[in-house]
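start.cif (mmCIF, C-alpha atoms and all ligand atoms)
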data_query
#
loop_
_atom_site.group_PDB
_atom_site.id
_atom_site.type_symbol
_atom_site.label_atom_id
_atom_site.label_comp_id
_atom_site.auth_asym_id
_atom_site.auth_seq_id
_atom_site.Cartn_x
_atom_site.Cartn_y
_atom_site.Cartn_z
ATOM 1 C CA MET Y 127 198.181 104.399 106.944
ATOM 2 C CA ARG Y 128 195.344 104.883 109.405
ATOM 3 C CA LEU Y 129 195.041 103.698 112.999
ATOM 4 C CA THR Y 130 191.601 103.144 114.528
ATOM 5 C CA VAL Y 131 191.390 102.375 118.227
ATOM 6 C CA LEU Y 132 188.783 99.673 118.861
ATOM 7 C CA GLY Y 133 189.714 99.178 122.499
ATOM 8 C CA CYS Y 134 192.321 100.607 124.838
ATOM 9 C CA ALA Y 135 191.372 99.604 128.414
ATOM 10 C CA GLY Y 136 194.248 97.958 130.271
ATOM 11 C CA SER Y 137 193.887 94.576 131.965
ATOM 12 C CA PHE Y 138 190.065 94.468 131.987
ATOM 13 C CA PRO Y 139 187.330 96.238 130.004
ATOM 14 C CA GLY Y 140 186.213 99.601 131.339
ATOM 15 C CA PRO Y 141 182.830 101.331 131.180
ATOM 16 C CA GLU Y 142 183.986 103.386 128.181
ATOM 17 C CA SER Y 143 186.200 100.971 126.278
ATOM 18 C CA PRO Y 144 186.889 97.307 125.555
ATOM 19 C CA CYS Y 145 190.380 95.934 126.037
ATOM 20 C CA SER Y 146 193.226 96.356 123.544
ATOM 21 C CA ALA Y 147 192.432 96.175 119.822
ATOM 22 C CA TYR Y 148 193.829 98.404 117.066
ATOM 23 C CA LEU Y 149 193.016 98.410 113.378
ATOM 24 C CA LEU Y 150 195.784 99.512 110.986
ATOM 25 C CA GLU Y 151 194.669 100.203 107.440
ATOM 26 C CA ALA Y 152 196.611 100.940 104.253
ATOM 27 C CA ASP Y 153 195.838 100.355 100.562
ATOM 28 C CA GLY Y 154 192.463 98.884 101.586
ATOM 29 C CA PHE Y 155 194.130 96.188 103.713
ATOM 30 C CA ARG Y 156 193.157 96.018 107.385
ATOM 31 C CA LEU Y 157 195.367 94.444 110.007
ATOM 32 C CA LEU Y 158 193.842 93.945 113.440
ATOM 33 C CA ILE Y 159 196.494 94.117 116.168
ATOM 34 C CA ASP Y 160 195.250 92.456 119.361
ATOM 35 C CA PHE Y 161 191.655 91.387 119.934
ATOM 36 C CA GLY Y 162 191.025 91.949 123.655
ATOM 37 C CA SER Y 163 187.874 91.396 125.674
ATOM 38 C CA GLY Y 164 184.887 93.308 124.299
ATOM 39 C CA SER Y 165 186.552 94.545 121.117
ATOM 40 C CA LEU Y 166 184.451 92.343 118.837
ATOM 41 C CA SER Y 167 181.677 94.821 119.683
ATOM 42 C CA THR Y 168 183.621 97.917 118.605
ATOM 43 C CA LEU Y 169 185.008 96.094 115.571
ATOM 44 C CA GLN Y 170 181.398 96.029 114.320
ATOM 45 C CA ARG Y 171 180.727 99.639 115.353
ATOM 46 C CA TYR Y 172 183.839 101.228 113.833
ATOM 47 C CA ALA Y 173 184.915 98.875 111.052
ATOM 48 C CA GLY Y 174 182.636 95.913 110.297
ATOM 49 C CA LEU Y 175 182.266 92.335 111.438
ATOM 50 C CA HIS Y 176 184.461 90.984 108.650
ATOM 51 C CA ALA Y 177 186.825 93.953 108.363
ATOM 52 C CA PRO Y 178 190.153 92.291 109.281
ATOM 53 C CA ASP Y 179 192.253 90.851 106.451
ATOM 54 C CA ALA Y 180 194.747 89.524 109.025
ATOM 55 C CA ILE Y 181 195.181 89.498 112.796
ATOM 56 C CA LEU Y 182 198.323 89.878 114.900
ATOM 57 C CA LEU Y 183 198.175 88.974 118.599
ATOM 58 C CA THR Y 184 201.076 90.504 120.523
ATOM 59 C CA HIS Y 185 200.652 88.084 123.426
ATOM 60 C CA LEU Y 186 198.186 85.661 124.933
ATOM 61 C CA HIS Y 187 196.960 87.572 127.976
ATOM 62 C CA CYS Y 188 193.167 87.625 127.854
ATOM 63 C CA ASP Y 189 192.898 91.392 127.592
ATOM 64 C CA HIS Y 190 194.756 91.131 124.266
ATOM 65 C CA MET Y 191 193.283 88.007 122.675
ATOM 66 C CA LEU Y 192 190.039 86.728 124.161
ATOM 67 C CA ASP Y 193 187.678 87.998 121.456
ATOM 68 C CA ALA Y 194 189.641 86.000 118.886
ATOM 69 C CA VAL Y 195 187.856 83.078 120.558
ATOM 70 C CA SER Y 196 184.389 84.604 120.083
ATOM 71 C CA TYR Y 197 185.376 85.411 116.511
ATOM 72 C CA VAL Y 198 185.601 81.683 115.761
ATOM 73 C CA VAL Y 199 181.789 81.566 115.860
ATOM 74 C CA VAL Y 200 181.524 84.597 113.562
ATOM 75 C CA ARG Y 201 183.620 83.009 110.843
ATOM 76 C CA ARG Y 202 182.747 79.348 111.231
ATOM 77 C CA TYR Y 203 178.967 79.604 111.563
ATOM 78 C CA ALA Y 204 178.150 82.697 109.454
ATOM 79 C CA PRO Y 205 174.968 82.204 107.364
ATOM 80 C CA ASP Y 206 177.090 82.930 104.287
ATOM 81 C CA GLY Y 207 180.064 80.999 105.672
ATOM 82 C CA PRO Y 208 182.164 79.328 106.719
ATOM 83 C CA TYR Y 209 184.735 81.963 105.854
ATOM 84 C CA PRO Y 210 188.189 80.892 104.662
ATOM 85 C CA PRO Y 211 190.983 80.720 107.249
ATOM 86 C CA LEU Y 212 192.169 84.179 108.319
ATOM 87 C CA PRO Y 213 195.927 84.781 108.648
ATOM 88 C CA MET Y 214 196.751 84.948 112.354
ATOM 89 C CA TYR Y 215 200.234 86.006 113.501
ATOM 90 C CA ALA Y 216 200.644 85.072 117.157
ATOM 91 C CA PRO Y 217 203.068 83.729 119.760
ATOM 92 C CA SER Y 218 203.727 80.008 119.900
ATOM 93 C CA GLY Y 219 200.962 78.173 121.667
ATOM 94 C CA ALA Y 220 198.192 80.309 120.199
ATOM 95 C CA PRO Y 221 196.402 77.452 118.358
ATOM 96 C CA ASP Y 222 196.076 75.408 121.569
ATOM 97 C CA ARG Y 223 195.203 78.392 123.773
ATOM 98 C CA LEU Y 224 192.427 79.582 121.470
ATOM 99 C CA ALA Y 225 191.082 76.054 121.021
ATOM 100 C CA SER Y 226 191.035 75.354 124.745
ATOM 101 C CA ALA Y 227 189.384 78.718 125.486
ATOM 102 C CA TYR Y 228 186.789 77.881 122.830
ATOM 103 C CA GLY Y 229 186.031 74.971 125.079
ATOM 104 C CA GLN Y 230 185.082 71.955 123.043
ATOM 105 C CA GLU Y 231 187.032 68.826 123.717
ATOM 106 C CA ASP Y 232 189.443 67.949 120.929
ATOM 107 C CA SER Y 233 188.488 71.219 119.278
ATOM 108 C CA THR Y 234 190.699 73.032 116.831
ATOM 109 C CA VAL Y 235 190.394 76.556 115.484
ATOM 110 C CA GLU Y 236 192.691 75.881 112.545
ATOM 111 C CA ASP Y 237 189.700 75.844 110.189
ATOM 112 C CA VAL Y 238 189.176 79.515 111.161
ATOM 113 C CA TYR Y 239 192.749 80.787 111.510
ATOM 114 C CA GLN Y 240 195.872 80.131 109.458
ATOM 115 C CA PHE Y 241 198.530 80.487 112.170
ATOM 116 C CA TYR Y 242 201.987 81.977 111.700
ATOM 117 C CA GLY Y 243 204.250 81.839 114.768
ATOM 118 C CA LEU Y 244 205.867 85.148 115.704
ATOM 119 C CA GLN Y 245 209.565 85.472 116.379
ATOM 120 C CA PRO Y 246 211.792 88.537 116.415
ATOM 121 C CA GLY Y 247 212.381 89.819 112.890
ATOM 122 C CA THR Y 248 210.945 91.658 109.881
ATOM 123 C CA PHE Y 249 208.340 90.287 107.481
ATOM 124 C CA PRO Y 250 205.460 91.509 105.285
ATOM 125 C CA ILE Y 251 201.762 91.440 106.178
ATOM 126 C CA GLY Y 252 199.710 92.769 103.259
ATOM 127 C CA PRO Y 253 201.164 96.178 102.331
ATOM 128 C CA PHE Y 254 202.934 96.607 105.690
ATOM 129 C CA THR Y 255 206.540 95.886 106.554
ATOM 130 C CA VAL Y 256 206.285 94.522 110.075
ATOM 131 C CA THR Y 257 209.081 94.214 112.629
ATOM 132 C CA VAL Y 258 208.450 92.527 115.973
ATOM 133 C CA ASP Y 259 210.686 92.032 118.990
ATOM 134 C CA GLN Y 260 210.265 90.550 122.464
ATOM 135 C CA MET Y 261 209.143 92.916 125.178
ATOM 136 C CA ASN Y 262 209.769 92.827 128.922
ATOM 137 C CA HIS Y 263 206.552 91.149 130.104
ATOM 138 C CA PRO Y 264 206.008 87.831 131.935
ATOM 139 C CA VAL Y 265 204.813 85.907 128.864
ATOM 140 C CA GLU Y 266 206.061 85.784 125.260
ATOM 141 C CA THR Y 267 205.122 89.309 124.124
ATOM 142 C CA TYR Y 268 205.944 91.249 120.976
ATOM 143 C CA GLY Y 269 206.135 94.982 120.372
ATOM 144 C CA VAL Y 270 205.312 95.914 116.787
ATOM 145 C CA ARG Y 271 206.786 98.368 114.271
ATOM 146 C CA LEU Y 272 204.798 98.907 111.053
ATOM 147 C CA GLU Y 273 206.106 100.740 108.007
ATOM 148 C CA HIS Y 274 204.159 101.784 104.930
ATOM 149 C CA GLY Y 275 204.662 104.496 102.300
ATOM 150 C CA GLY Y 276 207.516 106.137 104.203
ATOM 151 C CA ARG Y 277 205.500 106.439 107.448
ATOM 152 C CA VAL Y 278 206.216 104.429 110.584
ATOM 153 C CA PHE Y 279 204.038 103.342 113.504
ATOM 154 C CA CYS Y 280 205.049 101.527 116.685
ATOM 155 C CA TYR Y 281 202.915 99.779 119.301
ATOM 156 C CA SER Y 282 204.529 98.759 122.579
ATOM 157 C CA SER Y 283 202.054 96.033 123.498
ATOM 158 C CA ASP Y 284 202.576 95.359 127.223
ATOM 159 C CA THR Y 285 206.072 95.892 128.566
ATOM 160 C CA ALA Y 286 208.301 97.272 131.257
ATOM 161 C CA PRO Y 287 211.181 99.478 130.063
ATOM 162 C CA CYS Y 288 213.537 97.635 127.681
ATOM 163 C CA ASP Y 289 216.014 98.360 124.877
ATOM 164 C CA ALA Y 290 213.983 96.373 122.345
ATOM 165 C CA LEU Y 291 211.120 98.853 122.747
ATOM 166 C CA LEU Y 292 213.459 101.782 122.050
ATOM 167 C CA ARG Y 293 214.760 100.047 118.917
ATOM 168 C CA LEU Y 294 211.249 99.401 117.604
ATOM 169 C CA ALA Y 295 210.096 102.943 118.359
ATOM 170 C CA GLN Y 296 213.219 104.637 116.957
ATOM 171 C CA GLY Y 297 212.151 107.735 115.007
ATOM 172 C CA VAL Y 298 208.555 106.609 114.371
ATOM 173 C CA ASP Y 299 205.873 109.101 113.377
ATOM 174 C CA LEU Y 300 203.295 107.700 115.806
ATOM 175 C CA PHE Y 301 204.099 105.773 118.984
ATOM 176 C CA LEU Y 302 201.217 103.970 120.696
ATOM 177 C CA CYS Y 303 202.607 103.134 124.109
ATOM 178 C CA GLU Y 304 201.143 101.505 127.158
ATOM 179 C CA ALA Y 305 201.063 103.453 130.436
ATOM 180 C CA SER Y 306 199.400 101.038 132.827
ATOM 181 C CA TYR Y 307 200.966 102.084 136.091
ATOM 182 C CA LEU Y 308 200.890 105.259 138.127
ATOM 183 C CA ASP Y 309 204.111 107.030 138.991
ATOM 184 C CA GLY Y 310 204.915 107.687 142.602
ATOM 185 C CA VAL Y 311 203.724 104.341 143.955
ATOM 186 C CA GLU Y 312 205.486 101.004 144.195
ATOM 187 C CA ASN Y 313 204.828 98.888 141.082
ATOM 188 C CA PRO Y 314 205.861 95.277 140.411
ATOM 189 C CA PRO Y 315 208.950 95.039 138.149
ATOM 190 C CA ASP Y 316 209.103 93.680 134.575
ATOM 191 C CA LEU Y 317 205.426 94.084 133.749
ATOM 192 C CA HIS Y 318 204.295 97.541 132.617
ATOM 193 C CA LEU Y 319 205.246 101.181 132.107
ATOM 194 C CA THR Y 320 204.187 104.273 134.015
ATOM 195 C CA GLY Y 321 203.287 107.505 132.239
ATOM 196 C CA ARG Y 322 206.752 108.865 132.970
ATOM 197 C CA GLU Y 323 208.419 105.726 131.584
ATOM 198 C CA ALA Y 324 206.287 105.921 128.426
ATOM 199 C CA GLY Y 325 207.355 109.565 128.038
ATOM 200 C CA GLU Y 326 211.001 108.651 128.601
ATOM 201 C CA ALA Y 327 210.821 105.918 125.960
ATOM 202 C CA ALA Y 328 209.211 108.388 123.506
ATOM 203 C CA THR Y 329 211.981 110.946 124.128
ATOM 204 C CA LYS Y 330 214.820 108.421 123.868
ATOM 205 C CA ALA Y 331 213.377 106.987 120.643
ATOM 206 C CA GLY Y 332 212.746 110.459 119.158
ATOM 207 C CA VAL Y 333 209.132 109.792 118.144
ATOM 208 C CA GLY Y 334 206.927 112.387 116.443
ATOM 209 C CA ARG Y 335 203.798 111.869 118.515
ATOM 210 C CA LEU Y 336 202.931 109.832 121.604
ATOM 211 C CA LEU Y 337 199.593 108.109 122.168
ATOM 212 C CA LEU Y 338 199.102 106.633 125.634
ATOM 213 C CA THR Y 339 197.040 103.480 126.016
ATOM 214 C CA HIS Y 340 196.308 100.532 128.337
ATOM 215 C CA LEU Y 341 195.486 102.783 131.292
ATOM 216 C CA VAL Y 342 193.701 100.556 133.792
ATOM 217 C CA PRO Y 343 190.028 101.407 134.414
ATOM 218 C CA ALA Y 344 189.056 102.293 137.999
ATOM 219 C CA TRP Y 345 192.595 101.966 139.363
ATOM 220 C CA GLY Y 346 194.310 104.548 137.150
ATOM 221 C CA SER Y 347 194.225 108.322 136.884
ATOM 222 C CA GLU Y 348 194.298 109.755 133.384
ATOM 223 C CA SER Y 349 195.317 113.249 134.502
ATOM 224 C CA HIS Y 350 198.124 111.843 136.648
ATOM 225 C CA THR Y 351 199.389 109.670 133.772
ATOM 226 C CA VAL Y 352 199.305 112.517 131.247
ATOM 227 C CA GLU Y 353 201.113 114.840 133.628
ATOM 228 C CA SER Y 354 203.816 112.242 134.291
ATOM 229 C CA ALA Y 355 204.302 111.526 130.581
ATOM 230 C CA ALA Y 356 204.407 115.224 129.682
ATOM 231 C CA GLY Y 357 207.151 115.707 132.266
ATOM 232 C CA ALA Y 358 209.346 113.306 130.296
ATOM 233 C CA TYR Y 359 208.290 114.000 126.685
ATOM 234 C CA ALA Y 360 207.965 117.468 125.174
ATOM 235 C CA GLY Y 361 206.164 116.457 121.946
ATOM 236 C CA PRO Y 362 202.433 116.096 121.315
ATOM 237 C CA LEU Y 363 200.738 113.430 123.439
ATOM 238 C CA GLU Y 364 197.259 112.265 124.343
ATOM 239 C CA VAL Y 365 195.384 109.318 125.831
ATOM 240 C CA VAL Y 366 193.507 107.310 123.174
ATOM 241 C CA ARG Y 367 189.796 106.427 123.299
ATOM 242 C CA ALA Y 368 187.739 103.683 121.678
ATOM 243 C CA GLY Y 369 186.615 104.937 118.284
ATOM 244 C CA ALA Y 370 189.448 107.433 117.854
ATOM 245 C CA SER Y 371 191.230 107.383 114.513
ATOM 246 C CA TYR Y 372 194.647 108.755 113.541
ATOM 247 C CA GLU Y 373 196.454 109.276 110.271
ATOM 248 C CA VAL Y 374 199.989 107.961 110.712
HETATM 249 ZN ZN ZN M 1 199.841 91.536 129.203
#

Here is a file; write its structure as structure tokens.
Amino acid sequence: MRLTVLGCAGSFPGPESPCSAYLLEADGFRLLIDFGSGSLSTLQRYAGLHAPDAILLTHLHCDHMLDAVSYVVVRRYAPDGPYPPLPMYAPSGAPDRLASAYGQEDSTVEDVYQFYGLQPGTFPIGPFTVTVDQMNHPVETYGVRLEHGGRVFCYSSDTAPCDALLRLAQGVDLFLCEASYLDGVENPPDLHLTGREAGEAATKAGVGRLLLTHLVPAWGSESHTVESAAGAYAGPLEVVRAGASYEV
């Protein structure tokens, strides 16, 4: 399977990247995981306006879902549309949140998305075997483990350290892990990981390769985060960029 990073900026879009959005492709099927602010732009640049065959939103913070609202226009009002409802795996409350963000009174987006509520467990999406579990974040948030053809990928979404993340990441080939916070300063609890904590999770889970994401533009320091992570994880690691692509 192939991972393409459409956006990786944490919390708000940066000058070089939209917010979180990751395209996972196997057997010609493309699953878009998260659809954060600005990533509808890079979806067109790196994949195509109608590339996703399904969408999974890990949680309903705007930096992970807001362009799913803009995408309503793309599918509903396309000159060759409307397009049929797109499978959308998301936390409970997603239909109302997207409709209210869309902003028309009594609006629904259920003509555009076929919603499936996430809950911890394992299920198929296209050719992928998907396992999700609740992360340590202030809203209902799911980390994701994807398996296909004997290869395994894990995405932390947003989380503070937790056992569920270690279970999802156990032995994966590629671990895409958030590293929002800087080490060595006081950070609020139960929200995000530092570079060191991402590295510790990668070591405990025994992953093959660590990709750091969700660094916060302007407030973060990439060199500081990489150094902290490398102090806790001896395997290959790097910070992802919009447009980067990886074979899992
Ligand atoms: Zn979040």

Practice item. Check every protein, DNA and RNA residue against ligand ZN 1 (chain M), keep those with an atom at most 9 Å away (counting all atoms listed in the file), and present them as an MDAnalysis selection string. Key: chainID Y and resid 136:137 184:190 263:265 267 283:285 317:318

Practice item. Give me the result of the PyMOL selection byres (((chain Y and resi 357) around 12) and not hetatm) on this file, residue by residue, as number ranges by chain. Key: Y: 309, 320-326, 328-329, 350-356, 358-363

Practice item. Would you kindly return, as an NGL selection string, each protein, DNA or RNA residue with an atom no farther than 9 Å from any atom of Y:Arg128, considering all atoms listed in the file and excluding same-chain residues fewer than 6 positions away? Key: :Y and (149-152 or 371-374)

Exercise for review: Find the residues around Y:Pro253 up to 12 Å (all atoms listed in the file counted), leave out those fewer than 6 positions away in its own chain, and share them as a ChimeraX atom specification.
Suggested key: /Y:127,150-157,179-180,272-276

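Of the residues listed (Y:Pro178, Y:Gly133, Y:Gly219, Y:Gly310), Y:Gly133 shows the shortest atom-to-atom separation from Y:Ser163; distances use all atoms listed in the file.
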
Review point. Which is closest to Y:Asp222 among Y:Glu312, Y:Val195, Y:Leu244, Y:Glu266, if we use all atoms listed in the file?
Key: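 Going through Y:Glu312, Y:Val195, Y:Leu244, Y:Glu266 one by one, the smallest distance to Y:Asp222 is for Y:Val195.
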
For stretch 162-261 of chain Y against stretch 286-304 of chain Y, with a cut-off of 9 Å and counting all atoms listed in the file, what is the closest atom pair and its distance in Å to one decimal for every residue that makes the cut, ordered by chain and number, as CSV?
residue,atom,partner,partner_atom,distance
Y:Thr257,CA,Y:Leu294,CA,7.5
Y:Val258,CA,Y:Leu294,CA,7.6
Y:Asp259,CA,Y:Ala290,CA,6.4
Y:Gln260,CA,Y:Ala290,CA,6.9
Y:Met261,CA,Y:Ala290,CA,6.6

Practice item. Identify which of the residues Y:Ala220, Y:Leu182, Y:Val238, Y:Ala227 lies closest to Y:Arg201, counting only C-alpha atoms when measuring atom-to-atom distances. Key: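 Of Y:Ala220, Y:Leu182, Y:Val238, Y:Ala227, the one nearest Y:Arg201, counting only C-alpha atoms, is Y:Val238.
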
**Study point:** Selected residue of minimal separation from Y:Pro211 among Y:Glu236, Y:Glu231, Y:Asp316, Y:Glu348, counting all atoms listed in the file
**Key:**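 Under the stated criterion, the closest residue is Y:Glu236.
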
For stretch 243-258 of chain Y, supply N, CA, C and O atoms and format the output as a PDB file, in the coordinates of the input.
ATOM      1  N   GLY Y 243     203.603  81.586 113.480  1.00  0.00           N
ATOM      2  CA  GLY Y 243     204.250  81.839 114.768  1.00  0.00           C
ATOM      3  C   GLY Y 243     205.150  83.067 114.694  1.00  0.00           C
ATOM      4  O   GLY Y 243     205.940  83.198 113.766  1.00  0.00           O
ATOM      5  N   LEU Y 244     205.016  83.961 115.667  1.00  0.00           N
ATOM      6  CA  LEU Y 244     205.867  85.148 115.704  1.00  0.00           C
ATOM      7  C   LEU Y 244     207.228  84.807 116.282  1.00  0.00           C
ATOM      8  O   LEU Y 244     207.341  83.987 117.198  1.00  0.00           O
ATOM      9  N   GLN Y 245     208.251  85.442 115.747  1.00  0.00           N
ATOM     10  CA  GLN Y 245     209.565  85.472 116.379  1.00  0.00           C
ATOM     11  C   GLN Y 245     210.236  86.761 115.946  1.00  0.00           C
ATOM     12  O   GLN Y 245     209.839  87.347 114.938  1.00  0.00           O
ATOM     13  N   PRO Y 246     211.204  87.235 116.730  1.00  0.00           N
ATOM     14  CA  PRO Y 246     211.792  88.537 116.415  1.00  0.00           C
ATOM     15  C   PRO Y 246     212.299  88.596 114.983  1.00  0.00           C
ATOM     16  O   PRO Y 246     212.982  87.670 114.521  1.00  0.00           O
ATOM     17  N   GLY Y 247     211.937  89.670 114.272  1.00  0.00           N
ATOM     18  CA  GLY Y 247     212.381  89.819 112.890  1.00  0.00           C
ATOM     19  C   GLY Y 247     211.444  90.717 112.104  1.00  0.00           C
ATOM     20  O   GLY Y 247     210.520  91.300 112.654  1.00  0.00           O
ATOM     21  N   THR Y 248     211.710  90.789 110.794  1.00  0.00           N
ATOM     22  CA  THR Y 248     210.945  91.658 109.881  1.00  0.00           C
ATOM     23  C   THR Y 248     210.327  90.811 108.780  1.00  0.00           C
ATOM     24  O   THR Y 248     210.983  89.920 108.234  1.00  0.00           O
ATOM     25  N   PHE Y 249     209.061  91.078 108.481  1.00  0.00           N
ATOM     26  CA  PHE Y 249     208.340  90.287 107.481  1.00  0.00           C
ATOM     27  C   PHE Y 249     207.167  91.119 106.964  1.00  0.00           C
ATOM     28  O   PHE Y 249     206.740  92.070 107.620  1.00  0.00           O
ATOM     29  N   PRO Y 250     206.608  90.755 105.799  1.00  0.00           N
ATOM     30  CA  PRO Y 250     205.460  91.509 105.285  1.00  0.00           C
ATOM     31  C   PRO Y 250     204.131  90.943 105.776  1.00  0.00           C
ATOM     32  O   PRO Y 250     203.989  89.729 105.942  1.00  0.00           O
ATOM     33  N   ILE Y 251     203.168  91.840 106.053  1.00  0.00           N
ATOM     34  CA  ILE Y 251     201.762  91.440 106.178  1.00  0.00           C
ATOM     35  C   ILE Y 251     200.987  92.399 105.287  1.00  0.00           C
ATOM     36  O   ILE Y 251     200.964  93.609 105.561  1.00  0.00           O
ATOM     37  N   GLY Y 252     200.370  91.887 104.228  1.00  0.00           N
ATOM     38  CA  GLY Y 252     199.710  92.769 103.259  1.00  0.00           C
ATOM     39  C   GLY Y 252     200.688  93.835 102.799  1.00  0.00           C
ATOM     40  O   GLY Y 252     201.843  93.522 102.466  1.00  0.00           O
ATOM     41  N   PRO Y 253     200.286  95.109 102.823  1.00  0.00           N
ATOM     42  CA  PRO Y 253     201.164  96.178 102.331  1.00  0.00           C
ATOM     43  C   PRO Y 253     202.165  96.667 103.382  1.00  0.00           C
ATOM     44  O   PRO Y 253     202.981  97.543 103.097  1.00  0.00           O
ATOM     45  N   PHE Y 254     202.092  96.127 104.592  1.00  0.00           N
ATOM     46  CA  PHE Y 254     202.934  96.607 105.690  1.00  0.00           C
ATOM     47  C   PHE Y 254     204.250  95.832 105.775  1.00  0.00           C
ATOM     48  O   PHE Y 254     204.284  94.618 105.567  1.00  0.00           O
ATOM     49  N   THR Y 255     205.310  96.540 106.133  1.00  0.00           N
ATOM     50  CA  THR Y 255     206.540  95.886 106.554  1.00  0.00           C
ATOM     51  C   THR Y 255     206.519  95.887 108.076  1.00  0.00           C
ATOM     52  O   THR Y 255     206.485  96.936 108.710  1.00  0.00           O
ATOM     53  N   VAL Y 256     206.502  94.694 108.643  1.00  0.00           N
ATOM     54  CA  VAL Y 256     206.285  94.522 110.075  1.00  0.00           C
ATOM     55  C   VAL Y 256     207.582  94.044 110.729  1.00  0.00           C
ATOM     56  O   VAL Y 256     208.213  93.111 110.230  1.00  0.00           O
ATOM     57  N   THR Y 257     207.963  94.690 111.818  1.00  0.00           N
ATOM     58  CA  THR Y 257     209.081  94.214 112.629  1.00  0.00           C
ATOM     59  C   THR Y 257     208.563  93.972 114.040  1.00  0.00           C
ATOM     60  O   THR Y 257     207.873  94.832 114.605  1.00  0.00           O
ATOM     61  N   VAL Y 258     208.856  92.805 114.593  1.00  0.00           N
ATOM     62  CA  VAL Y 258     208.450  92.527 115.973  1.00  0.00           C
ATOM     63  C   VAL Y 258     209.679  92.149 116.791  1.00  0.00           C
ATOM     64  O   VAL Y 258     210.654  91.619 116.272  1.00  0.00           O
TER      65      VAL Y 258
END
